[in-house]
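Asks: Sharing a structure below in structure tokens format, with a few things to ask.
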Amino acid sequence: MPTRDELSKYYSTSAQFSPVHHQQNDWPYEIANGEFTAYMVPPHDVGGQADSPVRYEEKEEELWELNTYVTCEVLGWRGIWNSEERRRRGNNDLGASLYYGFPYYGRWIWSAARMLVDKNHVTLTELLEKVAEVKARNEQR
Amino acid sequence: MSSDKSAGVPARFNVGDRVRVRELPNLFYTRTQMYVRSVTGTIAARTYEDLTPEDEAWNRDDARREQYYIVRFRQKDLWPEYPFAADTLQTELPDGWLEPANN
């Protein structure tokens, strides 16, 4: 349960995720054709975007990243989805703010969970209860 | 379901052919980068036959396989401000995203 202070931080941080290119209205009645085209670009189509230089780092994958990879592949072997294009579409469906903000494998696990709910393999209520249960277990340690 | 679901679409292009990437809209999902659309390049290699990304992304295993190609573009054709005339960029595209180019 967040404190009121934490709640206020979540909301103010979340408000900063609104599109950088925004009108005074956050729910415009119409947008120009060029804006529509820009909004429709799949987030993974990043070629040609301006960016600052990035330092190259050798980094081993963490356990949660490997577990995420294996989970997504196993869901593929079981025929629940294909972990290539279907999974990648799920990554893009995060939308620009979350896609660019999440760690690489964070996008994967978000997509796997969303797919399992979408395809009625788990209900959202079951998933919420499970996440709460695991969180409580971790807090006891 | 049709009986020829695994049969591929006949490949239309060969290595060395000039091709232009079609100008299709972005709707939901694609792997075709915006910066290659309506740009002309050269087929550098034929790779394999597979579902298009647009079909595979919705698990349309009943869709027809298409030939994939590696297409080579001049960097200057993609980015007019690019400084090195000899540099190229290669990307992989399925048959349906390409059309023949004469120049």
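Chains: A, B, ... in order of the structure tokens. Residues: from 1 per chain. Ligands: from 1, in order shown.
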Residues at most 10 Å from Trp58 (chain B), counting only C-alpha atoms, excluding those fewer than 2 positions away in the same chain, as a list in words?

Replies: Trp81, Asn82, Glu85, Arg86, Arg87 and Arg89 of chain A; Tyr29, Pro53, Glu54, Asp55, Glu56, Arg60 and Asp61 of chain B

Asks: Can you spit out the residues from that selection as a PDB file, in the first residue's frame, using C-alpha atoms?

Replies:
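Writing done, so here's part-v2.pdb:
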```pdb
ATOM      1  CA  TRP A  81       2.438 -18.193 -29.052  1.00  0.00           C
ATOM      2  CA  ASN A  82       5.524 -17.768 -31.169  1.00  0.00           C
ATOM      3  CA  GLU A  85       7.237 -12.099 -34.118  1.00  0.00           C
ATOM      4  CA  ARG A  86       4.179 -12.487 -31.859  1.00  0.00           C
ATOM      5  CA  ARG A  87       6.283 -11.677 -28.813  1.00  0.00           C
ATOM      6  CA  ARG A  89       4.494  -7.365 -31.560  1.00  0.00           C
TER       7      ARG A  89
ATOM      8  CA  TYR B  29       3.003  -3.817 -36.649  1.00  0.00           C
ATOM      9  CA  PRO B  53       6.252 -10.438 -40.039  1.00  0.00           C
ATOM     10  CA  GLU B  54       2.714  -9.036 -40.320  1.00  0.00           C
ATOM     11  CA  ASP B  55       1.251 -12.573 -40.526  1.00  0.00           C
ATOM     12  CA  GLU B  56       3.593 -14.221 -38.043  1.00  0.00           C
ATOM     13  CA  ARG B  60      -1.258 -16.762 -38.952  1.00  0.00           C
ATOM     14  CA  ASP B  61       0.393 -20.090 -39.659  1.00  0.00           C
TER      15      ASP B  61
END
```

Asks: Just need the residues of chain B within 8 Å of chain A, counting only C-alpha atoms, so spit them out as a count of residues only.

Replies: 14

Asks: Record the distance separating CA of Val15 (chain B) and CA of Asp50 (chain B), expressed in Å with one decimal.

Replies: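 Value for the CA of Val15 (chain B)-CA of Asp50 (chain B) distance: 18.4 Å.
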
Asks: Name the residues in contact with Ile43 (chain B) at a cut-off of 8 Å, using only C-alpha atoms, excluding same-chain residues fewer than 6 positions from it; report them as a count of residues only.

Replies: 11

Asks: When you draw a straight line from CA of Asp118 (chain A) to CA of Gly76 (chain A), how long is it in Å?

Replies: 15.6 Å

Asks: Residues of chain B in strand (DSSP E or B) according to DSSP, as a PyMOL selection string?

Replies: chain B and resi 18-21+37+40-50+66-74+88-94+98-100

Asks: Rounded to one decimal place, report the CA of Glu73 (chain A)-CA of Arg114 (chain A) distance in Å.

Replies: 15.4 Å

Asks: Can you work out which one of B:Val36, B:Leu51, B:Leu93, B:Leu98 has the shortest atom-to-atom distance to Glu66 (chain B), counting only C-alpha atoms?

Replies: B:Leu51
